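Some notes on the structure that comes next.
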Amino acid sequence: MSLIETINLPILSDERGSLSFAEASSHIPFPIKRIFYITNTPENGNRGFHAHKATHQVLFCLHGSVLIKLDDGINKSEFLLSKPNVGLLIRNKIWHSMENFTKDCVFLSVASTHYSEKDYIRNYDDFLNFITKK
Ligand code: T46
């Protein structure tokens, strides 16, 4: 089973450039509580390797590219994020990593929660225990 759920944003291009937009609860399937972004990534760098108990996110790569790997404890999927108008939905309880960043990558996440370290599961065995417990 594929874990890939992409969101295609409108893209309005003319001689001045390209404009995309996202609205909460229509393009983004949750009320947005937070955004964060990552820049200055070393070539082929990796980040993530965790899951969230409650947070849903949509990830975007506004420039460059990054390979996103998803794992629900049974199924694994990969998606190369490389188009500024294409987002990748990561629901809660999905182990994910961001790998092979290009040096010029501009990575953006819109998230459904405020930041809390308590929402993170950073150990893979803890993740498997969390998703199998009732
Ligand atoms: C995720 C992936 C896609 C904050 O204080 N506030 C924030 O909103 C965020 C996102 C992070 N932080 C602090 C927590 C750590 O001390 O920033 C530091 C680096 O965070 P982390 O090592 O979790 O970064 P990544 O790139 O591994 O993961 C990030 C997000 O944290 C995470 O939610 O799903 O991007």
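Labels for the structure tokens follow display order: chains A, B, ..., residues from 1 in each chain, ligands from 1.
A distance search around ligand 1 (6 Å at most, only C-alpha atoms and all ligand atoms) returns the following protein and nucleic acid residues: A:Phe36, A:Arg47, A:Gly48, A:Tyr115.
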Take the residues from that selection and put them in a file with C-alpha atoms, as a tab-separated table (two decimals), in the first residue's frame.
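File result_18.tsv, as written:
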```
chain	number	residue	atom	x	y	z
A	36	PHE	CA	8.65	25.95	9.81
A	47	ARG	CA	17.03	14.86	8.79
A	48	GLY	CA	13.90	13.60	10.51
A	115	TYR	CA	5.64	22.61	18.59
```
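With only C-alpha atoms taken into account, the protein and nucleic acid residues at most 9 Å from stretch 19-30 of chain A (excluding it and anything under 6 positions from it in its own chain) are Ile7, Asn8, Leu9, Pro10, Ile11, Leu12, Ser13, His56, Gln57, Val58, Pro84, Asn85, Leu89, Val110, Ala111 and Ser112 of chain A.
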Write out the residues from the selection above, keeping N, CA, C and O atoms, as a PDB file, in the first residue's frame.
```
ATOM      1  N   ILE A   7      -0.534  16.832  -2.631  1.00  0.00           N
ATOM      2  CA  ILE A   7      -1.482  17.951  -2.738  1.00  0.00           C
ATOM      3  C   ILE A   7      -0.940  18.884  -3.804  1.00  0.00           C
ATOM      4  O   ILE A   7       0.189  19.391  -3.680  1.00  0.00           O
ATOM      5  N   ASN A   8      -1.713  19.062  -4.855  1.00  0.00           N
ATOM      6  CA  ASN A   8      -1.286  19.941  -5.950  1.00  0.00           C
ATOM      7  C   ASN A   8      -1.899  21.322  -5.760  1.00  0.00           C
ATOM      8  O   ASN A   8      -3.126  21.479  -5.846  1.00  0.00           O
ATOM      9  N   LEU A   9      -1.055  22.289  -5.511  1.00  0.00           N
ATOM     10  CA  LEU A   9      -1.537  23.666  -5.339  1.00  0.00           C
ATOM     11  C   LEU A   9      -1.694  24.331  -6.704  1.00  0.00           C
ATOM     12  O   LEU A   9      -1.004  23.973  -7.658  1.00  0.00           O
ATOM     13  N   PRO A  10      -2.583  25.317  -6.776  1.00  0.00           N
ATOM     14  CA  PRO A  10      -2.662  26.102  -8.011  1.00  0.00           C
ATOM     15  C   PRO A  10      -1.312  26.761  -8.285  1.00  0.00           C
ATOM     16  O   PRO A  10      -0.550  27.058  -7.346  1.00  0.00           O
ATOM     17  N   ILE A  11      -0.997  26.937  -9.546  1.00  0.00           N
ATOM     18  CA  ILE A  11       0.221  27.672  -9.903  1.00  0.00           C
ATOM     19  C   ILE A  11      -0.137  28.637 -11.026  1.00  0.00           C
ATOM     20  O   ILE A  11      -0.659  28.220 -12.064  1.00  0.00           O
ATOM     21  N   LEU A  12       0.060  29.918 -10.746  1.00  0.00           N
ATOM     22  CA  LEU A  12      -0.302  30.976 -11.700  1.00  0.00           C
ATOM     23  C   LEU A  12       1.001  31.569 -12.229  1.00  0.00           C
ATOM     24  O   LEU A  12       1.733  32.218 -11.484  1.00  0.00           O
ATOM     25  N   SER A  13       1.292  31.290 -13.479  1.00  0.00           N
ATOM     26  CA  SER A  13       2.559  31.728 -14.066  1.00  0.00           C
ATOM     27  C   SER A  13       2.322  32.767 -15.138  1.00  0.00           C
ATOM     28  O   SER A  13       1.412  32.624 -15.968  1.00  0.00           O
ATOM     29  N   HIS A  56      -0.155  16.407  12.104  1.00  0.00           N
ATOM     30  CA  HIS A  56      -0.193  16.191  10.655  1.00  0.00           C
ATOM     31  C   HIS A  56       0.601  17.345  10.012  1.00  0.00           C
ATOM     32  O   HIS A  56       0.603  18.461  10.539  1.00  0.00           O
ATOM     33  N   GLN A  57       1.236  17.041   8.885  1.00  0.00           N
ATOM     34  CA  GLN A  57       2.001  18.078   8.180  1.00  0.00           C
ATOM     35  C   GLN A  57       1.790  17.956   6.682  1.00  0.00           C
ATOM     36  O   GLN A  57       1.507  16.863   6.172  1.00  0.00           O
ATOM     37  N   VAL A  58       1.980  19.068   5.981  1.00  0.00           N
ATOM     38  CA  VAL A  58       2.185  19.006   4.537  1.00  0.00           C
ATOM     39  C   VAL A  58       3.558  19.604   4.272  1.00  0.00           C
ATOM     40  O   VAL A  58       3.866  20.717   4.720  1.00  0.00           O
ATOM     41  N   PRO A  84       7.611  23.231  -6.466  1.00  0.00           N
ATOM     42  CA  PRO A  84       7.128  24.143  -5.426  1.00  0.00           C
ATOM     43  C   PRO A  84       5.619  24.126  -5.200  1.00  0.00           C
ATOM     44  O   PRO A  84       5.153  24.542  -4.154  1.00  0.00           O
ATOM     45  N   ASN A  85       4.862  23.611  -6.172  1.00  0.00           N
ATOM     46  CA  ASN A  85       3.398  23.584  -5.995  1.00  0.00           C
ATOM     47  C   ASN A  85       2.871  22.199  -5.606  1.00  0.00           C
ATOM     48  O   ASN A  85       1.662  22.008  -5.571  1.00  0.00           O
ATOM     49  N   LEU A  89       1.486  15.113   2.011  1.00  0.00           N
ATOM     50  CA  LEU A  89       0.806  15.012   3.307  1.00  0.00           C
ATOM     51  C   LEU A  89       1.457  13.902   4.134  1.00  0.00           C
ATOM     52  O   LEU A  89       1.606  12.771   3.661  1.00  0.00           O
ATOM     53  N   VAL A 110       3.959  22.901   6.754  1.00  0.00           N
ATOM     54  CA  VAL A 110       2.823  23.482   7.469  1.00  0.00           C
ATOM     55  C   VAL A 110       2.273  22.378   8.362  1.00  0.00           C
ATOM     56  O   VAL A 110       2.115  21.232   7.927  1.00  0.00           O
ATOM     57  N   ALA A 111       2.032  22.726   9.615  1.00  0.00           N
ATOM     58  CA  ALA A 111       1.735  21.701  10.615  1.00  0.00           C
ATOM     59  C   ALA A 111       0.433  22.002  11.346  1.00  0.00           C
ATOM     60  O   ALA A 111       0.014  23.161  11.458  1.00  0.00           O
ATOM     61  N   SER A 112      -0.151  20.945  11.874  1.00  0.00           N
ATOM     62  CA  SER A 112      -1.480  21.054  12.506  1.00  0.00           C
ATOM     63  C   SER A 112      -1.403  21.364  13.996  1.00  0.00           C
ATOM     64  O   SER A 112      -2.450  21.516  14.633  1.00  0.00           O
TER      65      SER A 112
END
```
A:His52: which residues within 8 Å, counting only C-alpha atoms, same-chain residues fewer than 4 positions away excluded, as a PDB file with C-alpha atoms, in the first residue's frame?
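Written output follows (part13.pdb):
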```pdb
ATOM      1  CA  HIS A  56      -0.193  16.191  10.655  1.00  0.00           C
ATOM      2  CA  ASN A  92       0.472  11.440  12.399  1.00  0.00           C
ATOM      3  CA  LYS A  93       1.948   8.063  13.350  1.00  0.00           C
ATOM      4  CA  ILE A  94       4.093   7.850  10.206  1.00  0.00           C
ATOM      5  CA  TRP A  95       7.846   7.367  10.668  1.00  0.00           C
ATOM      6  CA  ASP A 119       4.621  14.834  20.330  1.00  0.00           C
ATOM      7  CA  TYR A 120       7.797  13.267  18.873  1.00  0.00           C
ATOM      8  CA  ILE A 121       8.713   9.580  18.843  1.00  0.00           C
TER       9      ILE A 121
END
```
Using only C-alpha atoms, the best pick from A:Ser77, A:Leu59, A:Asp72, A:Glu99 as closest to A:Thr6 would be A:Leu59
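Of the residues in chain A, those that DSSP places in helix (DSSP H, G or I) on the basis of the backbone are Glu117, Lys118, Asp119, Tyr124, Asp125, Asp126, Phe127, Leu128, Asn129, Phe130, Ile131 and Thr132 of chain A.
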Writer output for current selection, C-alpha atoms, as a PDB file, in the first residue's frame:
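The file below, again_4.pdb, is the result:
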```pdb
ATOM      1  CA  GLU A 117       8.799  17.724  21.917  1.00  0.00           C
ATOM      2  CA  LYS A 118       6.312  15.426  23.700  1.00  0.00           C
ATOM      3  CA  ASP A 119       4.621  14.834  20.330  1.00  0.00           C
ATOM      4  CA  TYR A 124      11.985   3.333  15.951  1.00  0.00           C
ATOM      5  CA  ASP A 125      11.186   0.570  18.465  1.00  0.00           C
ATOM      6  CA  ASP A 126       9.158   3.078  20.524  1.00  0.00           C
ATOM      7  CA  PHE A 127       7.308   3.972  17.297  1.00  0.00           C
ATOM      8  CA  LEU A 128       6.425   0.307  16.635  1.00  0.00           C
ATOM      9  CA  ASN A 129       5.201  -0.051  20.241  1.00  0.00           C
ATOM     10  CA  PHE A 130       3.170   3.170  19.987  1.00  0.00           C
ATOM     11  CA  ILE A 131       1.326   2.189  16.800  1.00  0.00           C
ATOM     12  CA  THR A 132       0.513  -1.331  17.975  1.00  0.00           C
TER      13      THR A 132
END
```
- Query: Out of A:Thr55, A:Ser109, A:Asn75, A:Ser82, which residue has the shortest atom-to-atom distance to A:Tyr37 when counting only C-alpha atoms?
  - Reply: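 Among A:Thr55, A:Ser109, A:Asn75, A:Ser82, it is A:Ser109 that comes nearest to A:Tyr37.
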A straight line from atom CA of A:Ala54 to atom CA of A:Lys33 spans 12.7 Å
Residue set, chain A restricted to strand (DSSP E), as number ranges by chain: A: 6-8, 11-14, 17-20, 34-38, 47-52, 57-63, 66-71, 76-81, 86-90, 95-99, 106-111, 120-121
May I ask which of the residues A:Lys103, A:Lys133, A:His114, A:Arg122 is the closest one to A:Ile32, counting only C-alpha atoms?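 Checking each of A:Lys103, A:Lys133, A:His114, A:Arg122 against A:Ile32, counting only C-alpha atoms, the winner is A:His114.
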Residues at most 8 Å from A:His96, counting only C-alpha atoms, excluding those fewer than 3 positions away in the same chain, as an MDAnalysis selection string? chainID A and resid 48:51 68:71
Kindly save the residues from that selection, with all heavy atoms included, as an mmCIF file, in the first residue's frame.
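Heads up, here's the output in result19.cif:
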```cif
data_model
loop_
_atom_site.group_PDB
_atom_site.id
_atom_site.type_symbol
_atom_site.label_atom_id
_atom_site.label_comp_id
_atom_site.auth_asym_id
_atom_site.auth_seq_id
_atom_site.Cartn_x
_atom_site.Cartn_y
_atom_site.Cartn_z
ATOM 1 N N GLY A 48 15.139 14.292 10.168
ATOM 2 C CA GLY A 48 13.903 13.601 10.513
ATOM 3 C C GLY A 48 14.192 12.339 11.311
ATOM 4 O O GLY A 48 14.774 12.409 12.377
ATOM 5 N N PHE A 49 13.746 11.181 10.819
ATOM 6 C CA PHE A 49 13.878 9.888 11.511
ATOM 7 C C PHE A 49 13.094 9.933 12.817
ATOM 8 O O PHE A 49 13.649 9.742 13.908
ATOM 9 C CB PHE A 49 15.354 9.508 11.730
ATOM 10 C CG PHE A 49 16.130 9.435 10.455
ATOM 11 C CD1 PHE A 49 16.895 10.516 10.025
ATOM 12 C CD2 PHE A 49 16.080 8.297 9.654
ATOM 13 C CE1 PHE A 49 17.605 10.474 8.828
ATOM 14 C CE2 PHE A 49 16.787 8.243 8.453
ATOM 15 C CZ PHE A 49 17.555 9.333 8.041
ATOM 16 N N HIS A 50 11.816 10.241 12.693
ATOM 17 C CA HIS A 50 10.917 10.265 13.834
ATOM 18 C C HIS A 50 9.477 10.168 13.327
ATOM 19 O O HIS A 50 9.229 10.213 12.117
ATOM 20 C CB HIS A 50 11.114 11.561 14.657
ATOM 21 C CG HIS A 50 10.912 12.819 13.877
ATOM 22 N ND1 HIS A 50 11.905 13.745 13.651
ATOM 23 C CD2 HIS A 50 9.816 13.299 13.242
ATOM 24 C CE1 HIS A 50 11.432 14.734 12.919
ATOM 25 N NE2 HIS A 50 10.158 14.486 12.657
ATOM 26 N N ALA A 51 8.555 10.042 14.269
ATOM 27 C CA ALA A 51 7.123 10.103 13.955
ATOM 28 C C ALA A 51 6.483 11.061 14.943
ATOM 29 O O ALA A 51 7.076 11.405 15.977
ATOM 30 C CB ALA A 51 6.489 8.719 14.076
ATOM 31 N N ILE A 68 11.729 12.127 0.458
ATOM 32 C CA ILE A 68 10.993 11.865 1.698
ATOM 33 C C ILE A 68 10.683 10.371 1.774
ATOM 34 O O ILE A 68 10.147 9.789 0.820
ATOM 35 C CB ILE A 68 9.662 12.655 1.745
ATOM 36 C CG1 ILE A 68 9.889 14.143 1.431
ATOM 37 C CG2 ILE A 68 8.995 12.478 3.107
ATOM 38 C CD1 ILE A 68 10.767 14.883 2.397
ATOM 39 N N LYS A 69 11.045 9.752 2.907
ATOM 40 C CA LYS A 69 10.757 8.330 3.116
ATOM 41 C C LYS A 69 9.730 8.193 4.236
ATOM 42 O O LYS A 69 9.880 8.820 5.303
ATOM 43 C CB LYS A 69 12.033 7.565 3.467
ATOM 44 C CG LYS A 69 13.033 7.559 2.314
ATOM 45 C CD LYS A 69 14.196 6.623 2.598
ATOM 46 C CE LYS A 69 15.167 6.603 1.419
ATOM 47 N NZ LYS A 69 16.326 5.737 1.679
ATOM 48 N N LEU A 70 8.703 7.389 3.975
ATOM 49 C CA LEU A 70 7.587 7.207 4.920
ATOM 50 C C LEU A 70 7.468 5.733 5.288
ATOM 51 O O LEU A 70 7.706 4.852 4.454
ATOM 52 C CB LEU A 70 6.265 7.660 4.278
ATOM 53 C CG LEU A 70 6.207 9.071 3.690
ATOM 54 C CD1 LEU A 70 4.827 9.315 3.087
ATOM 55 C CD2 LEU A 70 6.527 10.096 4.738
ATOM 56 N N ASP A 71 7.043 5.484 6.512
ATOM 57 C CA ASP A 71 6.948 4.105 7.008
ATOM 58 C C ASP A 71 5.834 4.086 8.058
ATOM 59 O O ASP A 71 5.883 4.844 9.036
ATOM 60 C CB ASP A 71 8.322 3.761 7.617
ATOM 61 C CG ASP A 71 8.394 2.391 8.267
ATOM 62 O OD1 ASP A 71 7.345 1.757 8.470
ATOM 63 O OD2 ASP A 71 9.514 1.988 8.617
#
```
Of A:Cys61, A:Lys76, A:Leu88, A:Lys53, the one nearest to A:Met1 when counting only C-alpha atoms is A:Lys76
Using only C-alpha atoms, the best pick from A:Gly45, A:His63, A:Thr113, A:Arg34 as closest to A:Arg91 would be A:Thr113
ask   = What's the 7 Å shell around A:Asn44, counting only C-alpha atoms, without same-chain residues fewer than 4 positions away, as an MDAnalysis selection string?
value = chainID A and resid 99:102
